[in-house]
Protein chains: 2
Amino acid sequence: MVKLYFSITMNYDLEYIKNEINQEVFMEKETRIFKDSVYAQIARIGKAISSPRRLEILDILMQGSKTVETIARETDMSVANTSQHLQTLLESRLVEYEKRGVYSYYKLADRMVGNFILSLQLLAEKRITELQKLREEIYTNRDNIEQIKMSELIVRMKKGNVTLIDVRPKEEYEMMHIPGANSIPIEDLEKHLATLPINQEIVAYCRGRCCLLSVEAVEILRAHGFKAVRLEASVQEWLSQNDDEYSNAHNCCNKKNSIIS
Amino acid sequence: MVKLYFSITMNYDLEYIKNEINQEVFMEKETRIFKDSVYAQIARIGKAISSPRRLEILDILMQGSKTVETIARETDMSVANTSQHLQTLLESRLVEYEKRGVYSYYKLADRMVGNFILSLQLLAEKRITELQKLREEIYTNRDNIEQIKMSELIVRMKKGNVTLIDVRPKEEYEMMHIPGANSIPIEDLEKHLATLPINQEIVAYCRGRCCLLSVEAVEILRAHGFKAVRLEASVQEWLSQNDDEYSNAHNCCNKKNSIIS
DNA sequence: TAAATATTCAATTGATCAATTGAATATTTA
DNA sequence: TAAATATTCAATTGATCAATTGAATATTTA
């Protein structure tokens, strides 16, 4: 028997089903209703990530939990608009929130969500050639920035002839960072130039593929005579490759301090 | 300088940019255009998977390449409608096709696409409680079908007291299957009952989480006095867990024979 | 040339947004 | 109670679909 649940989700005409006599035809119909319902539910996640604005919000939330105001500022949207997009993400179960005093802190609902968004970005990067062009374009425009891959960074770090800097906001660094990285938020970079080695290569990283903070950092460093390149990957990519070692050996990801108010 | 490419993708007013004098403001604007363009491109994939119908098509293509007619039959859609959905998927670069005689064979454009769709399904399964309910519902409705996980199957197969059957169409079995499985397409099951052991547990698997073929198989087997359960996972899930061993040790995935015409 | 398959075209029906804003309301803290 | 933050409401503007069909057209084989 098709239960009420199906009729709710699919608005299916129960009377019609009841009058159906042929068992085989009935089973086929039930299978169809089931499939329609299942794919409709999965499509909820698809719909959530079909908006560029919401993708930008998710990308920011990959760095940790944030208030509505912070997200609005980062994405150049109004608070009202941001809040509404967040409600949509909430309905698709991709994000969660927590009230702390007068602030609402939003975060990704699950570690799986972060990995999923990351794999979406990597898939898009690989499949959509326009995206590759777009990225090449901006790196060329901006002073012919050189990029290195994660594997290359690891090789150079083992040799010890590289300085790694994290140019994201301090809170994001404190939430999680690549071991061995120094936190120099982009707006403090010019103040900290004296502490950086002029004879060694500097590798800057930021939020990842869609973020230009490290590009900006490399531009500033080069303008002051430093040798600097950009790391292509983000903390998240690093983490998804070095998951176990990271959490066990380094333990620099202190969840308790994850929200800086 | 913002290049023409941006103005094409974003319909951006170049004149306005040229007249912009402040360098910092200009950079901010360029960053914004870049981000908007990047997220718009990524959203193309989101849009492709925001339709339940297209998700169903992608799910079928996970089993290998198929003609438009086959896909239309499997999804209960008209050929015209199927073709149009396939054009959308083509534009989002998730599928590719090849002409062979009078047929067009569509397939997933990349192995990454299959893994991505699989992770979408797993994410939806975990996050969307309605989906869990829907599935419980149907298994309860259909004779209280029991399901086992991949890990459990492996344990039982090592003990040797289990018969594994693949109830998908023969072409899909030939394309790729779990080692040790016997191909018994659902429509041939009743003919093959005599060849199955009555005293041993039979595990049936099909296309995966959204497919009911194995559920049907278990129902038939039980009705004839067999002890039968359903495997929760699909070949794809098995493959994503046992990738290297599979392709090296077994080599039963013969790409040359992947298309049966 | 006839038959089979796939794509495209034109059209329908209906919904549902997409992104956004300003103002009102609710909530919490100091 | 005033101030700050977040959500909701009502409204705008504009697009773009979502899913679908039947018929026409294109393509290929036998």
# chains A, B, ... in the order shown; residues from 1 in each chain; ligands from 1
call {"tool": "select_by_dssp", "arguments": {"residues": "range 62-102 of chain B", "states": "strand (DSSP E)", "output": "list in words"}}
result
Lys66, Thr67, Val95, Glu96, Tyr97, Glu98, Lys99 and Arg100 of chain B
call {"tool": "write_last_selection", "arguments": {"atoms": "N, CA and C atoms", "output": "PDB file, in the first residue's frame"}}
result
ATOM      1  N   LYS B  66      24.741   5.080 -22.647  1.00  0.00           N
ATOM      2  CA  LYS B  66      23.392   4.645 -23.023  1.00  0.00           C
ATOM      3  C   LYS B  66      22.902   5.497 -24.193  1.00  0.00           C
ATOM      4  N   THR B  67      21.996   4.920 -24.976  1.00  0.00           N
ATOM      5  CA  THR B  67      21.386   5.707 -26.050  1.00  0.00           C
ATOM      6  C   THR B  67      20.247   6.553 -25.487  1.00  0.00           C
ATOM      7  N   VAL B  95      28.150  15.658 -19.244  1.00  0.00           N
ATOM      8  CA  VAL B  95      28.101  14.461 -20.093  1.00  0.00           C
ATOM      9  C   VAL B  95      28.757  14.734 -21.440  1.00  0.00           C
ATOM     10  N   GLU B  96      29.013  13.635 -22.139  1.00  0.00           N
ATOM     11  CA  GLU B  96      29.550  13.689 -23.501  1.00  0.00           C
ATOM     12  C   GLU B  96      28.781  12.681 -24.334  1.00  0.00           C
ATOM     13  N   TYR B  97      28.898  12.781 -25.673  1.00  0.00           N
ATOM     14  CA  TYR B  97      28.265  11.741 -26.460  1.00  0.00           C
ATOM     15  C   TYR B  97      29.095  11.394 -27.681  1.00  0.00           C
ATOM     16  N   GLU B  98      28.726  10.285 -28.242  1.00  0.00           N
ATOM     17  CA  GLU B  98      29.454   9.737 -29.368  1.00  0.00           C
ATOM     18  C   GLU B  98      28.407   9.145 -30.300  1.00  0.00           C
ATOM     19  N   LYS B  99      28.542   9.404 -31.591  1.00  0.00           N
ATOM     20  CA  LYS B  99      27.587   8.822 -32.549  1.00  0.00           C
ATOM     21  C   LYS B  99      28.112   7.480 -33.028  1.00  0.00           C
ATOM     22  N   ARG B 100      27.240   6.491 -33.021  1.00  0.00           N
ATOM     23  CA  ARG B 100      27.593   5.186 -33.579  1.00  0.00           C
ATOM     24  C   ARG B 100      26.428   4.750 -34.427  1.00  0.00           C
TER      25      ARG B 100
END
call {"tool": "select_by_dssp", "arguments": {"residues": "range 10-206 of chain A", "states": "alpha helix (DSSP H)", "output": "PyMOL selection string"}}
result
chain A and resi 10+14-19+23-48+52-61+68-75+79-91+111-127+129-141+150-159+170-175
call {"tool": "atom_distance", "arguments": {"atom1": "C1' of DT7 in chain C", "atom2": "CA of Gly46 in chain B"}}
result
24.9 Å
call {"tool": "interface_residues", "arguments": {"of": "chain A", "to": "chain D", "cutoff": "12 Å", "atoms": "only C-alpha atoms (C1' of nucleotides)", "output": "list in words"}}
result
Thr67, Val68, Glu69, Thr70, Ala72, Ser78, Val79, Ala80, Asn81, Thr82, Ser83, Gln84, His85, Leu86, Gln87, Lys99, Arg100, Gly101, Val102, Tyr103, Ser104, Tyr105 and Tyr106 of chain A
call {"tool": "write_last_selection", "arguments": {"atoms": "C-alpha atoms", "output": "short mmCIF file (atom, residue, chain, number, x, y, z; two decimals), in the first residue's frame"}}
result
data_model
loop_
_atom_site.label_atom_id
_atom_site.label_comp_id
_atom_site.auth_asym_id
_atom_site.auth_seq_id
_atom_site.Cartn_x
_atom_site.Cartn_y
_atom_site.Cartn_z
CA THR A 67 27.93 36.11 11.60
CA VAL A 68 25.40 37.37 9.09
CA GLU A 69 27.07 40.76 9.14
CA THR A 70 30.48 39.32 8.36
CA ALA A 72 27.27 40.31 4.14
CA SER A 78 22.96 43.70 2.17
CA VAL A 79 22.33 42.04 5.51
CA ALA A 80 18.69 41.40 4.56
CA ASN A 81 19.69 39.70 1.33
CA THR A 82 22.37 37.64 3.04
CA SER A 83 19.93 36.54 5.70
CA GLN A 84 17.49 35.42 3.06
CA HIS A 85 20.06 33.39 1.19
CA LEU A 86 21.06 31.82 4.48
CA GLN A 87 17.45 30.79 5.09
CA LYS A 99 22.74 32.21 18.53
CA ARG A 100 25.35 33.81 20.74
CA GLY A 101 24.13 36.96 22.35
CA VAL A 102 22.97 39.29 19.67
CA TYR A 103 24.77 37.43 16.87
CA SER A 104 23.76 34.46 14.75
CA TYR A 105 26.74 32.32 13.82
CA TYR A 106 26.25 30.30 10.67
#
call {"tool": "interface_residues", "arguments": {"of": "chain B", "to": "chain A", "cutoff": "8 Å", "atoms": "only C-alpha atoms", "output": "count of residues only"}}
result
48
call {"tool": "atom_distance", "arguments": {"atom1": "CA of Ala228 in chain B", "atom2": "CA of Ile202 in chain B"}}
result
4.6 Å
call {"tool": "decode", "arguments": {"residues": "chain D", "atoms": "C-alpha atoms (C1' of nucleotides)", "output": "compact mmCIF listing (two decimals), in the first residue's frame"}}
result
# COMPACT_ATOMS: atom_id res chain seq x y z
C1' DT D 1 15.01 51.70 27.96
C1' DA D 2 18.31 52.45 24.11
C1' DA D 3 21.28 50.21 20.92
C1' DA D 4 22.69 46.55 18.05
C1' DT D 5 21.74 42.59 15.32
C1' DA D 6 18.91 39.47 12.57
C1' DT D 7 14.70 38.19 10.49
C1' DT D 8 10.64 38.91 8.17
C1' DC D 9 7.53 41.47 5.25
C1' DA D 10 5.99 43.63 1.16
C1' DA D 11 7.22 44.97 -3.02
C1' DT D 12 9.91 45.57 -7.42
C1' DT D 13 11.99 44.14 -11.69
C1' DG D 14 13.11 40.95 -14.75
C1' DA D 15 14.16 36.84 -16.29
C1' DT D 16 14.18 32.39 -16.96
C1' DC D 17 12.90 28.75 -16.40
C1' DA D 18 10.50 23.81 -15.73
C1' DA D 19 8.66 20.07 -17.90
C1' DT D 20 6.42 18.81 -21.51
C1' DT D 21 4.46 17.47 -26.37
C1' DG D 22 3.77 16.78 -31.43
C1' DA D 23 5.55 17.69 -35.63
C1' DA D 24 9.23 18.80 -38.69
C1' DT D 25 13.89 18.10 -39.87
C1' DA D 26 18.35 15.91 -40.09
C1' DT D 27 21.12 11.89 -40.18
C1' DT D 28 22.40 7.29 -40.97
C1' DT D 29 21.76 2.47 -42.32
C1' DA D 30 20.06 -1.33 -44.91
